[in-house]
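Structure data follow from upload_10.cif (mmCIF, C-alpha atoms):
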```
data_model
#
loop_
_atom_site.group_PDB
_atom_site.id
_atom_site.type_symbol
_atom_site.label_atom_id
_atom_site.label_comp_id
_atom_site.auth_asym_id
_atom_site.auth_seq_id
_atom_site.Cartn_x
_atom_site.Cartn_y
_atom_site.Cartn_z
ATOM 1 C CA MET I 4 138.371 -171.997 136.075
ATOM 2 C CA THR I 5 137.233 -172.416 132.515
ATOM 3 C CA ALA I 6 134.248 -173.793 130.653
ATOM 4 C CA ILE I 7 136.131 -174.191 127.357
ATOM 5 C CA TRP I 8 135.949 -178.001 127.414
ATOM 6 C CA LYS I 9 132.593 -178.965 125.931
ATOM 7 C CA HIS I 10 131.094 -182.385 125.262
ATOM 8 C CA PRO I 11 128.229 -183.499 123.013
ATOM 9 C CA VAL I 12 124.866 -183.926 124.680
ATOM 10 C CA SER I 13 121.868 -185.930 123.551
ATOM 11 C CA GLY I 14 118.267 -184.845 123.474
ATOM 12 C CA ARG I 15 116.788 -181.387 123.463
ATOM 13 C CA VAL I 16 118.520 -178.743 125.562
ATOM 14 C CA PRO I 17 116.784 -175.609 126.851
ATOM 15 C CA LEU I 18 118.368 -172.341 125.736
ATOM 16 C CA ARG I 19 117.338 -169.755 128.311
ATOM 17 C CA GLY I 20 118.622 -166.491 129.751
ATOM 18 C CA VAL I 21 122.283 -166.262 128.774
ATOM 19 C CA ASN I 22 123.210 -169.879 128.015
ATOM 20 C CA LEU I 23 122.250 -173.490 127.459
ATOM 21 C CA LEU I 24 121.018 -175.528 130.414
ATOM 22 C CA GLY I 25 124.007 -177.265 131.984
ATOM 23 C CA ASP I 26 126.531 -174.845 130.527
ATOM 24 C CA ASP I 27 127.953 -171.724 132.056
ATOM 25 C CA GLN I 28 130.796 -169.308 131.510
ATOM 26 C CA ALA I 29 133.504 -169.350 134.153
ATOM 27 C CA GLY I 30 134.940 -165.878 133.435
ATOM 28 C CA ARG I 31 131.933 -163.597 133.049
ATOM 29 C CA THR I 32 134.101 -160.485 132.692
ATOM 30 C CA VAL I 33 135.091 -161.584 129.172
ATOM 31 C CA HIS I 34 132.731 -164.464 128.360
ATOM 32 C CA GLY I 35 129.011 -164.895 128.668
ATOM 33 C CA GLY I 36 126.198 -162.461 129.156
ATOM 34 C CA PRO I 37 123.445 -161.624 126.697
ATOM 35 C CA ASP I 38 125.796 -160.790 123.797
ATOM 36 C CA LYS I 39 127.812 -164.002 124.225
ATOM 37 C CA ALA I 40 125.102 -166.479 125.186
ATOM 38 C CA VAL I 41 126.001 -169.072 122.534
ATOM 39 C CA TYR I 42 129.230 -169.589 120.626
ATOM 40 C CA ALA I 43 129.054 -171.179 117.172
ATOM 41 C CA TYR I 44 131.940 -172.525 115.116
ATOM 42 C CA ALA I 45 131.925 -174.173 111.694
ATOM 43 C CA ARG I 46 132.857 -177.846 111.284
ATOM 44 C CA GLU I 47 134.616 -176.846 108.071
ATOM 45 C CA ASP I 48 136.857 -174.468 110.051
ATOM 46 C CA ILE I 49 137.642 -177.234 112.548
ATOM 47 C CA ASP I 50 138.657 -179.433 109.593
ATOM 48 C CA TRP I 51 140.871 -176.582 108.339
ATOM 49 C CA TRP I 52 142.549 -176.363 111.753
ATOM 50 C CA GLU I 53 143.154 -180.117 111.880
ATOM 51 C CA ASN I 54 144.847 -179.903 108.496
ATOM 52 C CA GLU I 55 146.824 -176.826 109.565
ATOM 53 C CA LEU I 56 147.939 -178.348 112.875
ATOM 54 C CA GLN I 57 148.370 -181.856 111.449
ATOM 55 C CA HIS I 58 146.477 -183.518 114.318
ATOM 56 C CA PRO I 59 142.909 -183.934 115.559
ATOM 57 C CA VAL I 60 141.719 -181.101 117.795
ATOM 58 C CA GLY I 61 138.924 -182.983 119.543
ATOM 59 C CA VAL I 62 135.305 -182.152 120.193
ATOM 60 C CA ALA I 63 134.331 -178.464 120.386
ATOM 61 C CA PRO I 64 137.977 -177.371 120.301
ATOM 62 C CA PHE I 65 137.183 -173.678 120.603
ATOM 63 C CA GLY I 66 134.662 -174.050 123.416
ATOM 64 C CA GLU I 67 131.743 -173.709 121.053
ATOM 65 C CA ASN I 68 128.212 -174.618 122.076
ATOM 66 C CA LEU I 69 127.181 -175.189 118.470
ATOM 67 C CA THR I 70 129.362 -176.948 115.945
ATOM 68 C CA VAL I 71 127.718 -176.002 112.659
ATOM 69 C CA LYS I 72 128.067 -177.752 109.320
ATOM 70 C CA GLY I 73 127.324 -176.110 105.980
ATOM 71 C CA LEU I 74 127.045 -172.545 107.303
ATOM 72 C CA PRO I 75 130.183 -170.359 107.144
ATOM 73 C CA VAL I 76 129.907 -168.981 110.673
ATOM 74 C CA SER I 77 132.829 -166.548 110.462
ATOM 75 C CA GLU I 78 131.177 -164.990 107.424
ATOM 76 C CA ALA I 79 127.877 -164.554 109.260
ATOM 77 C CA VAL I 80 126.656 -160.961 109.140
ATOM 78 C CA ILE I 81 126.463 -159.189 112.487
ATOM 79 C CA GLY I 82 122.762 -158.953 113.290
ATOM 80 C CA GLU I 83 121.617 -161.877 111.140
ATOM 81 C CA GLN I 84 119.048 -164.061 112.820
ATOM 82 C CA TRP I 85 119.073 -167.855 112.994
ATOM 83 C CA THR I 86 116.300 -170.200 113.966
ATOM 84 C CA VAL I 87 117.599 -173.328 115.653
ATOM 85 C CA GLY I 88 115.022 -175.710 117.064
ATOM 86 C CA SER I 89 112.436 -173.453 118.692
ATOM 87 C CA ALA I 90 114.986 -170.726 119.530
ATOM 88 C CA LEU I 91 115.750 -167.527 117.640
ATOM 89 C CA LEU I 92 119.375 -166.343 117.840
ATOM 90 C CA GLN I 93 121.168 -163.265 116.523
ATOM 91 C CA VAL I 94 124.817 -163.004 115.520
ATOM 92 C CA ALA I 95 126.310 -160.457 117.918
ATOM 93 C CA GLN I 96 130.102 -160.472 117.593
ATOM 94 C CA PRO I 97 133.211 -162.550 116.846
ATOM 95 C CA ARG I 98 135.174 -164.537 119.364
ATOM 96 C CA LEU I 99 138.464 -162.883 120.186
ATOM 97 C CA PRO I 100 141.372 -165.084 121.225
ATOM 98 C CA CYS I 101 142.028 -165.391 124.950
ATOM 99 C CA PHE I 102 144.533 -167.338 127.002
ATOM 100 C CA LYS I 103 142.002 -170.148 127.464
ATOM 101 C CA LEU I 104 142.359 -171.029 123.785
ATOM 102 C CA GLY I 105 146.069 -171.460 124.419
ATOM 103 C CA VAL I 106 145.293 -173.693 127.397
ATOM 104 C CA ARG I 107 142.753 -175.716 125.382
ATOM 105 C CA MET I 108 145.213 -176.178 122.491
ATOM 106 C CA ASP I 109 148.170 -176.724 124.840
ATOM 107 C CA ASP I 110 150.011 -173.938 123.019
ATOM 108 C CA PRO I 111 150.321 -170.434 124.500
ATOM 109 C CA ARG I 112 151.147 -169.076 121.008
ATOM 110 C CA PHE I 113 147.882 -170.402 119.617
ATOM 111 C CA LEU I 114 146.194 -167.051 120.285
ATOM 112 C CA GLN I 115 148.251 -165.397 117.538
ATOM 113 C CA ARG I 116 147.515 -168.263 115.147
ATOM 114 C CA PHE I 117 143.789 -168.056 115.867
ATOM 115 C CA ALA I 118 143.772 -164.290 115.305
ATOM 116 C CA ALA I 119 145.751 -164.543 112.053
ATOM 117 C CA ALA I 120 143.569 -167.342 110.644
ATOM 118 C CA GLY I 121 140.494 -165.088 110.311
ATOM 119 C CA ARG I 122 138.140 -167.855 111.477
ATOM 120 C CA PRO I 123 136.646 -166.403 114.676
ATOM 121 C CA GLY I 124 133.246 -168.079 114.627
ATOM 122 C CA ALA I 125 130.437 -166.031 116.130
ATOM 123 C CA TYR I 126 128.821 -165.317 119.459
ATOM 124 C CA LEU I 127 125.039 -165.176 119.388
ATOM 125 C CA ARG I 128 122.456 -163.544 121.601
ATOM 126 C CA ILE I 129 119.114 -165.154 122.380
ATOM 127 C CA LEU I 130 116.160 -163.288 120.882
ATOM 128 C CA ARG I 131 113.637 -166.046 121.652
ATOM 129 C CA GLU I 132 114.292 -168.775 124.170
ATOM 130 C CA GLY I 133 113.687 -172.332 123.079
ATOM 131 C CA ASP I 134 115.035 -175.853 122.935
ATOM 132 C CA ILE I 135 117.737 -177.070 120.567
ATOM 133 C CA ALA I 136 119.261 -180.454 119.766
ATOM 134 C CA ALA I 137 122.092 -181.920 117.722
ATOM 135 C CA GLY I 138 120.927 -182.248 114.144
ATOM 136 C CA ASP I 139 118.511 -179.296 114.231
ATOM 137 C CA GLU I 140 118.492 -177.312 111.021
ATOM 138 C CA ILE I 141 119.818 -173.773 111.276
ATOM 139 C CA ALA I 142 117.933 -171.373 109.063
ATOM 140 C CA VAL I 143 119.078 -167.803 108.449
ATOM 141 C CA ARG I 144 115.862 -165.783 108.781
ATOM 142 C CA ASP I 145 117.051 -162.227 108.447
ATOM 143 C CA ARG I 146 120.340 -160.731 107.284
ATOM 144 C CA PRO I 147 121.117 -156.997 107.572
ATOM 145 C CA ALA I 148 122.122 -155.203 104.375
ATOM 146 C CA HIS I 149 125.324 -153.729 105.869
ATOM 147 C CA ALA I 150 127.214 -157.025 105.167
ATOM 148 C CA VAL I 151 129.594 -156.585 108.123
ATOM 149 C CA THR I 152 130.762 -160.092 109.004
ATOM 150 C CA SER I 153 132.073 -161.588 112.192
ATOM 151 C CA ALA I 154 135.459 -162.042 110.473
ATOM 152 C CA LEU I 155 135.615 -158.376 109.428
ATOM 153 C CA VAL I 156 134.850 -157.186 112.973
ATOM 154 C CA SER I 157 137.495 -159.560 114.310
ATOM 155 C CA ARG I 158 140.107 -158.140 111.937
ATOM 156 C CA ALA I 159 139.148 -154.575 112.910
ATOM 157 C CA LEU I 160 139.394 -155.354 116.622
ATOM 158 C CA LEU I 161 142.661 -157.259 116.314
ATOM 159 C CA GLY I 162 144.712 -154.553 114.687
ATOM 160 C CA GLU I 163 143.424 -153.645 111.225
ATOM 161 C CA ARG I 164 142.218 -150.257 112.463
ATOM 162 C CA HIS I 165 141.456 -149.050 108.926
ATOM 163 C CA LEU I 166 138.497 -151.503 109.033
ATOM 164 C CA LEU I 167 136.911 -149.878 112.103
ATOM 165 C CA PRO I 168 134.655 -147.473 110.144
ATOM 166 C CA ALA I 169 133.339 -150.371 108.028
ATOM 167 C CA ALA I 170 132.807 -152.567 111.099
ATOM 168 C CA LEU I 171 130.897 -149.775 112.831
ATOM 169 C CA GLN I 172 128.221 -150.007 110.129
ATOM 170 C CA ALA I 173 126.849 -152.956 112.147
ATOM 171 C CA ALA I 174 124.499 -151.253 114.593
ATOM 172 C CA GLU I 175 123.758 -154.668 116.118
ATOM 173 C CA LEU I 176 127.209 -154.929 117.735
ATOM 174 C CA PRO I 177 127.172 -154.780 121.551
ATOM 175 C CA ALA I 178 127.120 -151.190 122.831
ATOM 176 C CA ASP I 179 130.388 -151.482 124.779
ATOM 177 C CA GLN I 180 132.190 -152.925 121.768
ATOM 178 C CA ARG I 181 130.808 -150.181 119.499
ATOM 179 C CA ALA I 182 131.936 -147.494 121.964
ATOM 180 C CA TRP I 183 135.465 -148.977 122.109
ATOM 181 C CA MET I 184 135.610 -149.110 118.305
ATOM 182 C CA GLN I 185 134.258 -145.574 117.873
ATOM 183 C CA GLU I 186 136.862 -144.206 120.271
ATOM 184 C CA ARG I 187 139.687 -145.841 118.303
ATOM 185 C CA ALA I 188 138.259 -144.936 114.922
ATOM 186 C CA ALA I 189 138.084 -141.249 115.872
#
```
Represent the supplied structure as structure tokens.
Amino acid sequence: MTAIWKHPVSGRVPLRGVNLLGDDQAGRTVHGGPDKAVYAYAREDIDWWENELQHPVGVAPFGENLTVKGLPVSEAVIGEQWTVGSALLQVAQPRLPCFKLGVRMDDPRFLQRFAAAGRPGAYLRILREGDIAAGDEIAVRDRPAHAVTSALVSRALLGERHLLPAALQAAELPADQRAWMQERAA
């Protein structure tokens, strides 16, 4: 089972608990939960992929809940807060490639390409529940001074171990991810 295939919806959608109404994560051991409630990906990165792959990749090709335009999601700082509609979200961590991306792209080697591209997007946690809709403005309300981005954390987790100490400056990372990183950085 997978929930990676997403489709646009119309109207306002409640964002409550750990996801959007009508959406769910099929594999809760690696997806979902409070630190992965919403996945955002930049339209500009989708355009990059279409150019790279030389074909359209479809709607929400990475299983994102929010396709964002004009905001470089992979460069979002861990812990920065976004208002979207009446909801308040916080950037929690990058998306790491999993086999479902390979299934979605019909290419089992796509995981390596996704990792190497440095365009992970960002998972967000819900700080204030609310309703969101296509076309809502996303405003960055607070950005931590540590400047640790989703892309940097992704690189640290995917093999650039020398980046672990820098990535660990983001206290807003999920506790289990921080513990894993601290163990490897030691």
Pick out the closest residue to Leu23 in chain I from this set: I:Gly133, I:Gly121, I:Gly82, I:Gly162. Count all atoms listed in the file.
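The closest residue to Leu23 in chain I is I:Gly133.
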Name the residues that the PyMOL selection byres ((chain I and resi 103) around 10) picks from the file above, as a PyMOL selection string, using the file's chain letters and numbers.
chain I and resi 4-8+65-66+100-102+104-111+113-114
Suppose a student applies the PyMOL selection byres ((chain I and resi 99) around 10) to this structure; what residues should they get, written as a ChimeraX atom specification?
/I:33,96-98,100-101,104,114,117-118,123-126,156-158,160-161
Could those residues be written to a file, using C-alpha atoms, as a compact mmCIF listing (two decimals), in the frame of the given file?
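Generated output (part_19.txt):
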```
# COMPACT_ATOMS: atom_id res chain seq x y z
CA VAL I 33 135.09 -161.58 129.17
CA GLN I 96 130.10 -160.47 117.59
CA PRO I 97 133.21 -162.55 116.85
CA ARG I 98 135.17 -164.54 119.36
CA PRO I 100 141.37 -165.08 121.22
CA CYS I 101 142.03 -165.39 124.95
CA LEU I 104 142.36 -171.03 123.78
CA LEU I 114 146.19 -167.05 120.28
CA PHE I 117 143.79 -168.06 115.87
CA ALA I 118 143.77 -164.29 115.30
CA PRO I 123 136.65 -166.40 114.68
CA GLY I 124 133.25 -168.08 114.63
CA ALA I 125 130.44 -166.03 116.13
CA TYR I 126 128.82 -165.32 119.46
CA VAL I 156 134.85 -157.19 112.97
CA SER I 157 137.50 -159.56 114.31
CA ARG I 158 140.11 -158.14 111.94
CA LEU I 160 139.39 -155.35 116.62
CA LEU I 161 142.66 -157.26 116.31
```
Computed gap from CA of Ala120 in chain I to CA of Arg46 in chain I is 15.0 Å
Atomic distance CA of Gln84 in chain I - CA of Glu53 in chain I, expressed in Å with one decimal:
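Interatomic distance, CA of Gln84 in chain I to CA of Glu53 in chain I: 29.0 Å.
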Enumerate, as a list in words, the residues matched when the PyMOL selection byres ((chain I and resi 167-182) around 7) is run on the file above.
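Checked against the file, the PyMOL selection byres ((chain I and resi 167-182) around 7) matches Asp38, Ile81, Gly82, Ala95, Gln96, His149, Val151, Leu155, Val156, Ala159, Arg164, His165, Leu166, Trp183, Met184, Gln185, Glu186 and Ala188 of chain I.
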Looking at I:Pro75, I:Gly61, I:Gly20, I:Gly25, which one is nearest to Tyr44 in chain I, with distances taken over all atoms listed in the file?
I:Pro75
Can you tell me how far CA of Lys9 in chain I sits from CA of Leu69 in chain I, in Å to one decimal?
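CA of Leu69 in chain I lies at a distance of 10.0 Å from CA of Lys9 in chain I.
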Find the residue from I:Ala189, I:Val60, I:Ala43, I:Ala119 that sits nearest to Ile141 in chain I; use all atoms listed in the file when measuring.
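When distances to Ile141 in chain I are compared using all atoms listed in the file, the smallest one comes from I:Ala43.
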Quick one: everything within 9 Å of Pro37 in chain I, counting all atoms listed in the file, minus sequence neighbours fewer than 5 positions away in the same chain. Send it as a ChimeraX atom specification.
/I:20-22,127-129
Given all atoms listed in the file as the basis, pick out the residue of I:Leu92, I:Ser77, I:Arg116, I:Leu56 nearest to Val41 in chain I.
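Of I:Leu92, I:Ser77, I:Arg116, I:Leu56, the one nearest Val41 in chain I is I:Leu92, counting all atoms listed in the file.
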Tell me which protein, DNA and RNA residues are within 7 Å of range 85-88 of chain I, counting only C-alpha atoms, leaving out same-chain ones fewer than 6 positions away, and put them as a list in words.
Asp134, Ile135, Ala136, Asp139, Glu140, Ile141, Ala142, Val143 and Arg144 of chain I
Expected axis-aligned box over every listed atom of range 126-131 of chain I, 6 Å added per side, centre plus edges in Å to one decimal, as AutoDock Vina command-line options:
```
--center_x 121.2 --center_y -164.7 --center_z 120.9 --size_x 27.2 --size_y 14.8 --size_z 15.0
```
Kindly indicate which residue among I:Glu67, I:Glu83, I:Glu47, I:Glu163 lies nearest to His10 in chain I, using only C-alpha atoms for the distances.
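The closest residue to His10 in chain I is I:Glu67.
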Taking all atoms listed in the file into account, name the residue in I:Val80, I:Val94, I:Val71, I:Leu18 that is nearest to Ala137 in chain I.
I:Val71
Reconstructed range 75-86 of chain I, atom set all heavy atoms, as an mmCIF file, in the frame of the given file:
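Dumped to out.cif:
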```
data_model
loop_
_atom_site.group_PDB
_atom_site.id
_atom_site.type_symbol
_atom_site.label_atom_id
_atom_site.label_comp_id
_atom_site.auth_asym_id
_atom_site.auth_seq_id
_atom_site.Cartn_x
_atom_site.Cartn_y
_atom_site.Cartn_z
ATOM 1 N N PRO I 75 128.889 -170.997 106.841
ATOM 2 C CA PRO I 75 130.183 -170.359 107.144
ATOM 3 C C PRO I 75 130.026 -169.333 108.270
ATOM 4 O O PRO I 75 129.771 -168.160 108.041
ATOM 5 C CB PRO I 75 130.578 -169.706 105.816
ATOM 6 C CG PRO I 75 129.288 -169.503 105.094
ATOM 7 C CD PRO I 75 128.349 -170.576 105.553
ATOM 8 N N VAL I 76 130.207 -169.783 109.485
ATOM 9 C CA VAL I 76 129.907 -168.981 110.673
ATOM 10 C C VAL I 76 130.725 -167.696 110.729
ATOM 11 O O VAL I 76 130.200 -166.639 111.080
ATOM 12 C CB VAL I 76 130.108 -169.819 111.957
ATOM 13 C CG1 VAL I 76 129.818 -168.982 113.200
ATOM 14 C CG2 VAL I 76 129.218 -171.050 111.927
ATOM 15 N N SER I 77 132.001 -167.755 110.392
ATOM 16 C CA SER I 77 132.829 -166.548 110.462
ATOM 17 C C SER I 77 132.402 -165.497 109.445
ATOM 18 O O SER I 77 132.705 -164.316 109.607
ATOM 19 C CB SER I 77 134.311 -166.906 110.275
ATOM 20 O OG SER I 77 134.752 -167.708 111.347
ATOM 21 N N GLU I 78 131.695 -165.923 108.422
ATOM 22 C CA GLU I 78 131.177 -164.990 107.424
ATOM 23 C C GLU I 78 129.736 -164.578 107.704
ATOM 24 O O GLU I 78 129.110 -163.897 106.891
ATOM 25 C CB GLU I 78 131.295 -165.600 106.021
ATOM 26 C CG GLU I 78 132.748 -165.797 105.581
ATOM 27 C CD GLU I 78 133.573 -164.513 105.655
ATOM 28 O OE1 GLU I 78 133.087 -163.454 105.214
ATOM 29 O OE2 GLU I 78 134.705 -164.572 106.176
ATOM 30 N N ALA I 79 129.220 -164.978 108.861
ATOM 31 C CA ALA I 79 127.877 -164.554 109.260
ATOM 32 C C ALA I 79 127.880 -163.040 109.443
ATOM 33 O O ALA I 79 128.838 -162.456 109.944
ATOM 34 C CB ALA I 79 127.460 -165.242 110.550
ATOM 35 N N VAL I 80 126.803 -162.415 109.035
ATOM 36 C CA VAL I 80 126.656 -160.961 109.140
ATOM 37 C C VAL I 80 126.192 -160.612 110.553
ATOM 38 O O VAL I 80 125.259 -161.233 111.085
ATOM 39 C CB VAL I 80 125.666 -160.443 108.074
ATOM 40 C CG1 VAL I 80 125.351 -158.969 108.276
ATOM 41 C CG2 VAL I 80 126.215 -160.691 106.685
ATOM 42 N N ILE I 81 126.860 -159.649 111.155
ATOM 43 C CA ILE I 81 126.463 -159.189 112.487
ATOM 44 C C ILE I 81 125.002 -158.733 112.407
ATOM 45 O O ILE I 81 124.634 -157.923 111.560
ATOM 46 C CB ILE I 81 127.364 -158.020 112.975
ATOM 47 C CG1 ILE I 81 128.841 -158.433 113.017
ATOM 48 C CG2 ILE I 81 126.877 -157.484 114.328
ATOM 49 C CD1 ILE I 81 129.177 -159.560 113.971
ATOM 50 N N GLY I 82 124.186 -159.286 113.280
ATOM 51 C CA GLY I 82 122.762 -158.953 113.290
ATOM 52 C C GLY I 82 121.883 -159.966 112.580
ATOM 53 O O GLY I 82 120.666 -159.930 112.733
ATOM 54 N N GLU I 83 122.480 -160.893 111.801
ATOM 55 C CA GLU I 83 121.617 -161.877 111.140
ATOM 56 C C GLU I 83 121.001 -162.794 112.185
ATOM 57 O O GLU I 83 121.573 -163.027 113.251
ATOM 58 C CB GLU I 83 122.349 -162.644 110.039
ATOM 59 C CG GLU I 83 123.281 -163.726 110.461
ATOM 60 C CD GLU I 83 123.928 -164.430 109.246
ATOM 61 O OE1 GLU I 83 124.241 -163.777 108.228
ATOM 62 O OE2 GLU I 83 124.132 -165.646 109.354
ATOM 63 N N GLN I 84 119.803 -163.249 111.876
ATOM 64 C CA GLN I 84 119.048 -164.061 112.820
ATOM 65 C C GLN I 84 118.961 -165.497 112.331
ATOM 66 O O GLN I 84 118.749 -165.742 111.145
ATOM 67 C CB GLN I 84 117.646 -163.477 113.007
ATOM 68 C CG GLN I 84 117.675 -162.103 113.620
ATOM 69 C CD GLN I 84 116.301 -161.491 113.762
ATOM 70 O OE1 GLN I 84 115.269 -162.156 113.601
ATOM 71 N NE2 GLN I 84 116.259 -160.200 114.072
ATOM 72 N N TRP I 85 119.138 -166.429 113.288
ATOM 73 C CA TRP I 85 119.073 -167.855 112.994
ATOM 74 C C TRP I 85 117.953 -168.485 113.824
ATOM 75 O O TRP I 85 117.844 -168.209 115.006
ATOM 76 C CB TRP I 85 120.349 -168.572 113.386
ATOM 77 C CG TRP I 85 121.619 -168.140 112.750
ATOM 78 C CD1 TRP I 85 121.805 -167.189 111.778
ATOM 79 C CD2 TRP I 85 122.921 -168.651 113.054
ATOM 80 N NE1 TRP I 85 123.137 -167.093 111.463
ATOM 81 C CE2 TRP I 85 123.850 -167.990 112.232
ATOM 82 C CE3 TRP I 85 123.396 -169.607 113.939
ATOM 83 C CZ2 TRP I 85 125.211 -168.250 112.258
ATOM 84 C CZ3 TRP I 85 124.753 -169.874 113.975
ATOM 85 C CH2 TRP I 85 125.651 -169.205 113.138
ATOM 86 N N THR I 86 117.180 -169.335 113.188
ATOM 87 C CA THR I 86 116.300 -170.200 113.966
ATOM 88 C C THR I 86 116.999 -171.539 114.097
ATOM 89 O O THR I 86 117.547 -172.081 113.133
ATOM 90 C CB THR I 86 114.911 -170.380 113.314
ATOM 91 O OG1 THR I 86 115.073 -170.877 111.995
ATOM 92 C CG2 THR I 86 114.142 -169.087 113.285
#
```
